[in-house]
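Have a look at the structure below, then the notes.
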Amino acid sequence: MTRVGQKRRVVAVASGGGHWEQMMLLRSAFEGTQITFVTTLEGLGERAGLESVHIVPDCNRHEPLRAALCAAKLLVLLLKIRPHVLVSTGALPGVLAMMLARRMRTRTIWIDSIANAEEPSMAGRQAKRHATEWLSQWPEVALREGGRYEGSVL
């Protein structure tokens, strides 16, 4: 809690697919917060029974215009919510959200994908520059990259 009776505002950003599945496994960690989920695929929030879900355009490094549109939508959303914490499990929309949130002095947490057992994901490498906390789900990767290992979500 922040002020008396006010819940901590958390934004959780994950692209569709495995990134979203890993975020859903972390849902219990957000109990007691005012959580807003952000993803790239319509219907994911409804299937998961979530109340507050926003959709942003999916993008990758080969689509700079879509990335700019995604960043603009994320900026509007972050300015509206003013989160205390932003958490992401991955892909470029998560990196963009993290970059914007850090400029707003928001605490940011990146959880790199379980799929990256040897080295950080490309998005994880980018997010590392903007993350307050950078976590890997593999102890060796966390140690080598200067991040933290707190276990895996799977």
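Just so we're on the same page: first chain in the structure tokens is A, next is B, and so on; residues restart at 1 for each chain, and ligands are numbered from 1 in the order they show up.
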From the DSSP assignment of the backbone, select every residue of chain A that is helix (DSSP H, G or I), and format the answer as a PyMOL selection string. chain A and resi 18-25+27-30+44-47+64-81+92-103+122-127+139-145
Next, the residues of the selection above should be written as a PDB file, in the first residue's frame with C-alpha atoms.
```
ATOM      1  CA  GLY A  18       4.824 -17.791 -23.949  1.00  0.00           C
ATOM      2  CA  HIS A  19       5.477 -14.340 -22.494  1.00  0.00           C
ATOM      3  CA  TRP A  20       1.782 -14.047 -21.580  1.00  0.00           C
ATOM      4  CA  GLU A  21       1.669 -17.595 -20.190  1.00  0.00           C
ATOM      5  CA  GLN A  22       4.596 -16.837 -17.896  1.00  0.00           C
ATOM      6  CA  MET A  23       2.942 -13.608 -16.735  1.00  0.00           C
ATOM      7  CA  MET A  24      -0.233 -15.524 -15.930  1.00  0.00           C
ATOM      8  CA  LEU A  25       1.805 -17.871 -13.730  1.00  0.00           C
ATOM      9  CA  ARG A  27      -0.644 -13.522 -11.120  1.00  0.00           C
ATOM     10  CA  SER A  28      -0.687 -14.477  -7.446  1.00  0.00           C
ATOM     11  CA  ALA A  29       2.305 -12.186  -6.853  1.00  0.00           C
ATOM     12  CA  PHE A  30       0.078  -9.222  -7.724  1.00  0.00           C
ATOM     13  CA  LEU A  44      -6.265 -13.182 -23.791  1.00  0.00           C
ATOM     14  CA  GLY A  45      -7.477 -11.192 -20.814  1.00  0.00           C
ATOM     15  CA  GLU A  46     -11.045 -12.404 -21.138  1.00  0.00           C
ATOM     16  CA  ARG A  47      -9.923 -16.048 -21.358  1.00  0.00           C
ATOM     17  CA  PRO A  64       9.688   0.649 -36.674  1.00  0.00           C
ATOM     18  CA  LEU A  65       6.329   2.279 -37.443  1.00  0.00           C
ATOM     19  CA  ARG A  66       4.409  -0.353 -35.475  1.00  0.00           C
ATOM     20  CA  ALA A  67       6.944   0.016 -32.655  1.00  0.00           C
ATOM     21  CA  ALA A  68       6.332   3.778 -32.627  1.00  0.00           C
ATOM     22  CA  LEU A  69       2.559   3.234 -32.531  1.00  0.00           C
ATOM     23  CA  CYS A  70       2.974   0.708 -29.728  1.00  0.00           C
ATOM     24  CA  ALA A  71       5.172   3.147 -27.779  1.00  0.00           C
ATOM     25  CA  ALA A  72       2.626   5.941 -28.230  1.00  0.00           C
ATOM     26  CA  LYS A  73      -0.212   3.765 -26.914  1.00  0.00           C
ATOM     27  CA  LEU A  74       1.944   2.630 -24.003  1.00  0.00           C
ATOM     28  CA  LEU A  75       2.842   6.225 -23.151  1.00  0.00           C
ATOM     29  CA  VAL A  76      -0.811   7.280 -23.040  1.00  0.00           C
ATOM     30  CA  LEU A  77      -1.648   4.283 -20.856  1.00  0.00           C
ATOM     31  CA  LEU A  78       1.273   4.848 -18.463  1.00  0.00           C
ATOM     32  CA  LEU A  79       0.478   8.549 -18.117  1.00  0.00           C
ATOM     33  CA  LYS A  80      -3.120   7.656 -17.293  1.00  0.00           C
ATOM     34  CA  ILE A  81      -2.308   4.910 -14.751  1.00  0.00           C
ATOM     35  CA  LEU A  92       9.552  -5.519 -27.571  1.00  0.00           C
ATOM     36  CA  PRO A  93       6.307  -4.010 -26.197  1.00  0.00           C
ATOM     37  CA  GLY A  94       7.616  -4.812 -22.714  1.00  0.00           C
ATOM     38  CA  VAL A  95      10.960  -3.162 -23.439  1.00  0.00           C
ATOM     39  CA  LEU A  96       9.221  -0.053 -24.769  1.00  0.00           C
ATOM     40  CA  ALA A  97       6.986   0.098 -21.693  1.00  0.00           C
ATOM     41  CA  MET A  98      10.027  -0.262 -19.461  1.00  0.00           C
ATOM     42  CA  MET A  99      11.894   2.537 -21.238  1.00  0.00           C
ATOM     43  CA  LEU A 100       8.925   4.872 -20.843  1.00  0.00           C
ATOM     44  CA  ALA A 101       8.219   3.868 -17.244  1.00  0.00           C
ATOM     45  CA  ARG A 102      11.810   4.522 -16.167  1.00  0.00           C
ATOM     46  CA  ARG A 103      11.558   8.064 -17.566  1.00  0.00           C
ATOM     47  CA  MET A 122      17.307  -9.954 -27.359  1.00  0.00           C
ATOM     48  CA  ALA A 123      14.558  -8.017 -25.578  1.00  0.00           C
ATOM     49  CA  GLY A 124      16.113  -8.941 -22.231  1.00  0.00           C
ATOM     50  CA  ARG A 125      19.435  -7.446 -23.275  1.00  0.00           C
ATOM     51  CA  GLN A 126      17.675  -4.211 -24.231  1.00  0.00           C
ATOM     52  CA  ALA A 127      15.546  -4.179 -21.081  1.00  0.00           C
ATOM     53  CA  PRO A 139      20.928 -19.037 -12.288  1.00  0.00           C
ATOM     54  CA  GLU A 140      23.892 -19.237 -14.675  1.00  0.00           C
ATOM     55  CA  VAL A 141      22.497 -16.528 -16.945  1.00  0.00           C
ATOM     56  CA  ALA A 142      21.661 -14.289 -13.988  1.00  0.00           C
ATOM     57  CA  LEU A 143      25.177 -14.643 -12.572  1.00  0.00           C
ATOM     58  CA  ARG A 144      26.896 -14.048 -15.909  1.00  0.00           C
ATOM     59  CA  GLU A 145      24.691 -11.051 -16.789  1.00  0.00           C
TER      60      GLU A 145
END
```
Excluding stretch 33-36 of chain A and residues on its chain fewer than 3 positions from it, collect all residues at most 8 Å away from it, counting only C-alpha atoms, and give them as an mmCIF file with C-alpha atoms, in the first residue's frame.
```cif
data_model
loop_
_atom_site.group_PDB
_atom_site.id
_atom_site.type_symbol
_atom_site.label_atom_id
_atom_site.label_comp_id
_atom_site.auth_asym_id
_atom_site.auth_seq_id
_atom_site.Cartn_x
_atom_site.Cartn_y
_atom_site.Cartn_z
ATOM 1 C CA MET A 1 0.000 0.000 0.000
ATOM 2 C CA LYS A 7 -3.260 0.051 -3.320
ATOM 3 C CA ARG A 8 0.028 0.001 -5.192
ATOM 4 C CA ARG A 9 -0.583 0.435 -8.939
ATOM 5 C CA VAL A 10 1.166 -2.234 -11.014
ATOM 6 C CA VAL A 11 1.279 -2.572 -14.793
ATOM 7 C CA ALA A 12 2.215 -6.015 -16.147
ATOM 8 C CA PHE A 30 0.078 -9.222 -7.724
ATOM 9 C CA SER A 52 -8.253 -4.695 -16.400
ATOM 10 C CA VAL A 53 -6.528 -5.564 -19.684
ATOM 11 C CA HIS A 54 -5.318 -3.214 -22.413
#
```
Excluding same-chain residues fewer than 2 positions from A:Val85, what lies within 6 Å of it counting only C-alpha atoms, as a ChimeraX atom specification? /A:10,83,106-108
